[in-house]
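Working notes, beginning with the structure itself.
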Amino acid sequence: MKPYRIAVIPGDGVGPEVVGEGLKVMKAAQSRLSSSRTLEFEELPWGTEHYLRMGTMMPKDALEILSSFDAIYLGAIGDPRVPDAVTLHGLILPVRKAFDQYACVRPAYLYPGISSPLANQVPGSIDMIVIRENTEGEYSDVGGRVHPGTPHEVAIQAGVFTRHGTERIIRYAFDLALQPGRRKKVTSITKSNAQRHAMVFWDEVFRAVAPDYPEVQAESQLVDAACMNFVRRPESFDVVVASNLFGDILTDLGAIIVGGMGMAPSANIDPSRTHPSMFEPVHGSAPDIAGKGLANPLAAILSAAMMLEFLGEVQSASLMRKAVADNLAQGRARTPDLGGSASTAQVGDDLVALLRK
């Protein structure tokens, strides 16, 4: 069989450090299984350094280059030398939109060995997946400025919600809720009491889709109530579906209650598999600790496991997740954000050692 071709974009800040560990652990997991297909990685040096040299975050033919790969493994994008609006709109958003990666999948799971900042939470009590609409909504880049630089300057930012885009992400969430291991519940998040056009529309589509899934419990919450409930009763959530903005915000909160941003993997999925999907940790580039060996690589490693599972390498993905679970449950090598003193590379080495047992 042909190898899986994976484009690797280490990117900025801690990205190269955590991606390096992800690659290390992926290779170790694949080597355990004789049935696994070979992984072929190609590193693409795109990001802020490319921008500072060439004036763009990635080359003009970047999307054409990426389209030939089976998946994309991204470290992080963002650097204090360049405005975030430039870095985000120069790489991540164009890839998500061009490849129709409309389902952003962000799990939050409380592993044994990790203490939640919330009281009385036991391992496994928090087990949710936030499905974030990833190609339209509030991040559609529709708007502009009038009379810039004058006292009369006006800025307009519009959210775009299509029936096609809204319905497909809601159906994706319901389909996921029916998968083995889920609790057959979908919670839709809006702010329809204040945003009476787009969010009311989202609620209407959600109510129209729900009867097609009679086995699944469907509920709606306002985003401010959802934020409170993520804290006071996170165990009540299973699959959560939200717009681009609300999903973005809620998943940072979801990460913190299961141990921090270093525990937050994500996937940007094109469910049709027409284009490559992209897998990345949620935590960003963390420039303040870049190059110090302090970054927690587990989010990047768990993102790599999501990538292998999506490609069909389910056993390898399971081995990677078990190694992470064993590392945490046994109190082995862990980075300072989890109360340890190990370096980024030492955590990766420990997972490889676990995989070799």
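Starting from 1 in every chain, residues are counted up; chains themselves are A, B, ... following the order of the structure tokens, and ligands are numbered from 1 as listed.
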At most 9 Å is the cut-off: for each residue in stretch 220-316 of chain A with any atom that close to an atom of stretch 28-41 of chain A, write down the nearest atom pair and the distance in Å rounded to one decimal, counting only C-alpha atoms, chain first then increasing number, as JSON lines.
```
{"residue": "A:Glu313", "atom": "CA", "partner": "A:Ser36", "partner_atom": "CA", "distance": 6.7}
{"residue": "A:Gln315", "atom": "CA", "partner": "A:Leu33", "partner_atom": "CA", "distance": 8.0}
{"residue": "A:Ser316", "atom": "CA", "partner": "A:Ala29", "partner_atom": "CA", "distance": 5.3}
```
Generate the output file for the selected residues, C-alpha atoms, as a PDB file, in the first residue's frame.
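Result written to out_12.pdb:
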```
ATOM      1  CA  GLU A 313      -4.990   3.832  11.538  1.00  0.00           C
ATOM      2  CA  GLN A 315      -5.011   0.826  16.360  1.00  0.00           C
ATOM      3  CA  SER A 316      -2.046   3.189  16.247  1.00  0.00           C
TER       4      SER A 316
END
```
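The residues of stretch 202-322 of chain A that DSSP assigns to strand (DSSP E or B) on this backbone come out as Gln217, Ala218, Glu219, Ser220, Gln221, Leu222, Val239, Val240, Val241, Ala242, Pro265, Ser266, Ala267, Asn268, Ile269, Ser277, Met278, Phe279, Glu280 and Pro281 of chain A.
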(message) Considering only C-alpha atoms, can you say which of A:Asp212, A:Glu136, A:Asp12, A:Glu280 comes closest to A:Phe174?
(response)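 Looking at the shortest contact to A:Phe174, the residue is A:Asp212.
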(request) Report the distance between atom CA of A:Cys227 and atom CA of A:Gly339 in Å, rounded to one decimal place. (result)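 Taking atom CA of A:Cys227 and atom CA of A:Gly339, their separation equals 26.0 Å.
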(request) Can you check which residues of stretch 61-266 of chain A DSSP gives as helix (DSSP H, G or I) on the backbone and send them as a count of residues only? (result) 79
(request) Tell me which of A:Met58, A:Leu294, A:Leu319, A:Leu52 sits closest to A:Val347, counting only C-alpha atoms. (result)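 Among the listed residues, the smallest separation from A:Val347 belongs to A:Leu294.
Atom pair atom CA of A:Ala255 / atom CA of A:Phe69: separated by 29.3 Å.
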List every residue of stretch 207-304 of chain A that has an atom at most 9 Å from any atom of stretch 175-180 of chain A, and for each one report the closest atom pair and its distance in Å to one decimal, counting only C-alpha atoms, with rows sorted by chain and then by increasing residue number, as JSON lines.
```
{"residue": "A:Tyr213", "atom": "CA", "partner": "A:Asp175", "partner_atom": "CA", "distance": 8.4}
{"residue": "A:Glu215", "atom": "CA", "partner": "A:Leu178", "partner_atom": "CA", "distance": 8.1}
{"residue": "A:Val216", "atom": "CA", "partner": "A:Ala177", "partner_atom": "CA", "distance": 7.1}
{"residue": "A:Asp238", "atom": "CA", "partner": "A:Ala177", "partner_atom": "CA", "distance": 7.5}
{"residue": "A:Val239", "atom": "CA", "partner": "A:Ala177", "partner_atom": "CA", "distance": 6.1}
```
Mind checking which residues fall within 10 Å of A:Leu245, counting only C-alpha atoms, ignoring those fewer than 3 positions away in the same chain, and posting them as a PDB file with C-alpha atoms, in the first residue's frame?
```
ATOM      1  CA  ARG A 132     -17.299  24.182  16.023  1.00  0.00           C
ATOM      2  CA  GLU A 133     -18.506  25.412  12.655  1.00  0.00           C
ATOM      3  CA  ASN A 134     -15.229  26.250  10.981  1.00  0.00           C
ATOM      4  CA  GLU A 136     -18.383  30.731   8.061  1.00  0.00           C
ATOM      5  CA  GLY A 137     -20.232  32.417  10.927  1.00  0.00           C
ATOM      6  CA  GLU A 138     -18.476  35.232  12.731  1.00  0.00           C
ATOM      7  CA  TYR A 139     -15.099  34.497  11.081  1.00  0.00           C
ATOM      8  CA  GLY A 159     -21.386  37.096  10.430  1.00  0.00           C
ATOM      9  CA  ALA A 242     -21.630  25.955  18.185  1.00  0.00           C
ATOM     10  CA  ASP A 248     -13.661  28.967  19.775  1.00  0.00           C
ATOM     11  CA  ILE A 249     -14.296  30.548  23.169  1.00  0.00           C
ATOM     12  CA  LEU A 250     -15.943  27.542  24.798  1.00  0.00           C
TER      13      LEU A 250
END
```
(request) Write out as JSON, numbers by chain which residues come within 7 Å of A:Ala345 when counting only C-alpha atoms, dropping same-chain ones fewer than 3 positions away. (result) {"A": [21, 348, 349]}
Excluding A:Ile77 and residues on its chain fewer than 6 positions from it, collect all residues at most 12 Å away from it, counting only C-alpha atoms, and give them as an mmCIF file with N, CA and C atoms, in the first residue's frame.
```cif
data_model
loop_
_atom_site.group_PDB
_atom_site.id
_atom_site.type_symbol
_atom_site.label_atom_id
_atom_site.label_comp_id
_atom_site.auth_asym_id
_atom_site.auth_seq_id
_atom_site.Cartn_x
_atom_site.Cartn_y
_atom_site.Cartn_z
ATOM 1 N N ILE A 9 3.595 21.260 9.116
ATOM 2 C CA ILE A 9 3.875 22.692 9.214
ATOM 3 C C ILE A 9 4.146 22.994 10.685
ATOM 4 N N PRO A 10 5.411 22.947 11.118
ATOM 5 C CA PRO A 10 5.708 23.207 12.534
ATOM 6 C C PRO A 10 5.296 24.614 12.966
ATOM 7 N N GLY A 11 5.490 25.592 12.073
ATOM 8 C CA GLY A 11 4.999 26.943 12.343
ATOM 9 C C GLY A 11 5.847 27.728 13.313
ATOM 10 N N ASP A 12 5.181 28.420 14.232
ATOM 11 C CA ASP A 12 5.820 29.423 15.082
ATOM 12 C C ASP A 12 5.905 28.981 16.541
ATOM 13 N N GLY A 13 6.696 29.736 17.301
ATOM 14 C CA GLY A 13 6.759 29.552 18.750
ATOM 15 C C GLY A 13 7.097 28.138 19.158
ATOM 16 N N VAL A 14 6.244 27.557 19.996
ATOM 17 C CA VAL A 14 6.476 26.196 20.478
ATOM 18 C C VAL A 14 6.068 25.144 19.448
ATOM 19 N N GLY A 15 5.507 25.586 18.327
ATOM 20 C CA GLY A 15 5.049 24.643 17.323
ATOM 21 C C GLY A 15 6.074 23.592 16.939
ATOM 22 N N PRO A 16 7.305 23.994 16.555
ATOM 23 C CA PRO A 16 8.295 22.981 16.182
ATOM 24 C C PRO A 16 8.614 21.999 17.305
ATOM 25 N N PRO A 45 8.249 24.788 5.634
ATOM 26 C CA PRO A 45 8.707 25.847 6.547
ATOM 27 C C PRO A 45 7.908 27.137 6.395
ATOM 28 N N TRP A 46 6.620 27.062 6.652
ATOM 29 C CA TRP A 46 5.755 28.225 6.485
ATOM 30 C C TRP A 46 5.402 28.801 7.847
ATOM 31 N N GLY A 47 5.053 30.073 7.852
ATOM 32 C CA GLY A 47 4.706 30.735 9.104
ATOM 33 C C GLY A 47 5.293 32.129 9.147
ATOM 34 N N THR A 48 5.565 32.603 10.351
ATOM 35 C CA THR A 48 6.012 33.982 10.513
ATOM 36 C C THR A 48 7.373 34.232 9.888
ATOM 37 N N GLU A 49 8.306 33.303 10.025
ATOM 38 C CA GLU A 49 9.626 33.508 9.421
ATOM 39 C C GLU A 49 9.499 33.632 7.910
ATOM 40 N N HIS A 50 8.624 32.832 7.321
ATOM 41 C CA HIS A 50 8.372 32.939 5.879
ATOM 42 C C HIS A 50 7.791 34.312 5.557
ATOM 43 N N TYR A 51 6.906 34.798 6.418
ATOM 44 C CA TYR A 51 6.301 36.117 6.208
ATOM 45 C C TYR A 51 7.360 37.216 6.275
ATOM 46 N N MET A 57 2.577 34.425 4.611
ATOM 47 C CA MET A 57 2.730 33.342 5.580
ATOM 48 C C MET A 57 3.046 32.011 4.905
ATOM 49 N N MET A 58 2.619 31.873 3.671
ATOM 50 C CA MET A 58 2.910 30.663 2.900
ATOM 51 C C MET A 58 2.975 31.066 1.429
ATOM 52 N N PRO A 83 1.095 41.150 13.538
ATOM 53 C CA PRO A 83 -0.262 41.138 14.087
ATOM 54 C C PRO A 83 -0.968 39.796 13.870
ATOM 55 N N ASP A 84 -1.732 39.389 14.866
ATOM 56 C CA ASP A 84 -2.435 38.108 14.773
ATOM 57 C C ASP A 84 -3.369 38.057 13.568
ATOM 58 N N ALA A 85 -3.955 39.196 13.223
ATOM 59 C CA ALA A 85 -4.859 39.210 12.069
ATOM 60 C C ALA A 85 -4.122 38.827 10.790
ATOM 61 N N VAL A 86 -2.843 39.143 10.722
ATOM 62 C CA VAL A 86 -2.039 38.793 9.548
ATOM 63 C C VAL A 86 -1.722 37.298 9.551
ATOM 64 N N THR A 87 -1.274 36.789 10.698
ATOM 65 C CA THR A 87 -0.872 35.382 10.753
ATOM 66 C C THR A 87 -2.065 34.449 10.585
ATOM 67 N N LEU A 88 -3.173 34.765 11.263
ATOM 68 C CA LEU A 88 -4.350 33.905 11.190
ATOM 69 C C LEU A 88 -4.944 33.898 9.785
ATOM 70 N N HIS A 89 -5.096 35.074 9.202
ATOM 71 C CA HIS A 89 -5.690 35.171 7.868
ATOM 72 C C HIS A 89 -4.698 34.799 6.766
ATOM 73 N N GLY A 90 -3.442 34.653 7.155
ATOM 74 C CA GLY A 90 -2.439 34.309 6.153
ATOM 75 C C GLY A 90 -2.195 32.828 5.987
ATOM 76 N N LEU A 91 -2.683 32.024 6.949
ATOM 77 C CA LEU A 91 -2.410 30.586 6.843
ATOM 78 C C LEU A 91 -3.581 29.728 7.302
ATOM 79 N N ILE A 92 -3.946 29.815 8.568
ATOM 80 C CA ILE A 92 -4.935 28.874 9.099
ATOM 81 C C ILE A 92 -6.300 29.032 8.439
ATOM 82 N N LEU A 93 -6.829 30.246 8.417
ATOM 83 C CA LEU A 93 -8.171 30.439 7.864
ATOM 84 C C LEU A 93 -8.249 30.113 6.370
ATOM 85 N N GLU A 280 -4.213 19.968 14.769
ATOM 86 C CA GLU A 280 -3.349 20.912 15.475
ATOM 87 C C GLU A 280 -3.746 21.003 16.941
ATOM 88 N N PRO A 281 -2.795 21.278 17.826
ATOM 89 C CA PRO A 281 -3.156 21.572 19.213
ATOM 90 C C PRO A 281 -3.844 22.932 19.284
ATOM 91 N N VAL A 282 -4.716 23.097 20.280
ATOM 92 C CA VAL A 282 -5.472 24.337 20.414
ATOM 93 C C VAL A 282 -4.612 25.468 20.985
ATOM 94 N N HIS A 283 -3.525 25.140 21.680
ATOM 95 C CA HIS A 283 -2.860 26.117 22.556
ATOM 96 C C HIS A 283 -2.166 27.281 21.875
ATOM 97 N N GLY A 284 -1.949 27.246 20.588
ATOM 98 C CA GLY A 284 -1.267 28.363 19.944
ATOM 99 C C GLY A 284 0.237 28.305 20.116
ATOM 100 N N SER A 285 0.900 29.398 19.764
ATOM 101 C CA SER A 285 2.363 29.385 19.648
ATOM 102 C C SER A 285 3.102 29.653 20.952
ATOM 103 N N ALA A 286 2.438 30.194 21.970
ATOM 104 C CA ALA A 286 3.044 30.431 23.292
ATOM 105 C C ALA A 286 4.459 30.996 23.182
ATOM 106 N N PRO A 287 4.627 32.173 22.559
ATOM 107 C CA PRO A 287 5.971 32.694 22.326
ATOM 108 C C PRO A 287 6.776 32.945 23.594
#
```
(request) May I have the residues within 8 Å of A:Val18 as a list in words, using only C-alpha atoms and disregarding those fewer than 2 positions away in the same chain? (result) Val14, Gly15, Pro16, Gly20, Glu21, Gly22, Gly75, Ala295, Asn296, Pro297, Leu298, Ala300, Ile301 and Thr344 of chain A
Written selection (C-alpha atoms) as an mmCIF file, in the first residue's frame:
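Contents of result-v7.cif, as written:
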```
data_model
loop_
_atom_site.group_PDB
_atom_site.id
_atom_site.type_symbol
_atom_site.label_atom_id
_atom_site.label_comp_id
_atom_site.auth_asym_id
_atom_site.auth_seq_id
_atom_site.Cartn_x
_atom_site.Cartn_y
_atom_site.Cartn_z
ATOM 1 C CA VAL A 14 6.476 26.196 20.478
ATOM 2 C CA GLY A 15 5.049 24.643 17.323
ATOM 3 C CA PRO A 16 8.295 22.981 16.182
ATOM 4 C CA GLY A 20 8.657 17.111 16.915
ATOM 5 C CA GLU A 21 7.340 15.064 19.814
ATOM 6 C CA GLY A 22 4.151 14.250 17.949
ATOM 7 C CA GLY A 75 2.119 23.059 15.183
ATOM 8 C CA ALA A 295 5.702 23.330 26.321
ATOM 9 C CA ASN A 296 3.358 20.450 27.030
ATOM 10 C CA PRO A 297 3.386 18.234 23.895
ATOM 11 C CA LEU A 298 0.350 16.142 24.842
ATOM 12 C CA ALA A 300 -0.041 17.939 19.775
ATOM 13 C CA ILE A 301 0.392 14.209 20.376
ATOM 14 C CA THR A 344 8.914 18.746 26.238
#
```
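Note that atom CA of A:Arg168 and atom CA of A:Lys184 are 17.9 Å apart.
Among the candidates A:Ser343, A:Ala299, A:Ser125, A:Ala7, the one nearest to A:Arg321 when counting only C-alpha atoms is A:Ala299.
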(request) Determine, counting only C-alpha atoms, which protein, DNA and RNA residues have an atom within 6 Å of an atom of A:Ser116; residues of the same chain fewer than 5 positions away are not included. Present the result as a VMD selection string. (result) chain A and resid 257 to 259
Selected residues, C-alpha atoms, written as a PDB file, in the first residue's frame, please.
```pdb
ATOM      1  CA  ILE A 257     -11.213  22.446  33.229  1.00  0.00           C
ATOM      2  CA  VAL A 258      -9.446  19.239  32.107  1.00  0.00           C
ATOM      3  CA  GLY A 259      -5.908  20.355  32.913  1.00  0.00           C
TER       4      GLY A 259
END
```
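Between A:Leu74 and the candidates A:Ala108, A:Ile256, A:Ala155, A:Ala304, the tightest atom-to-atom separation, counting only C-alpha atoms, involves A:Ala304.
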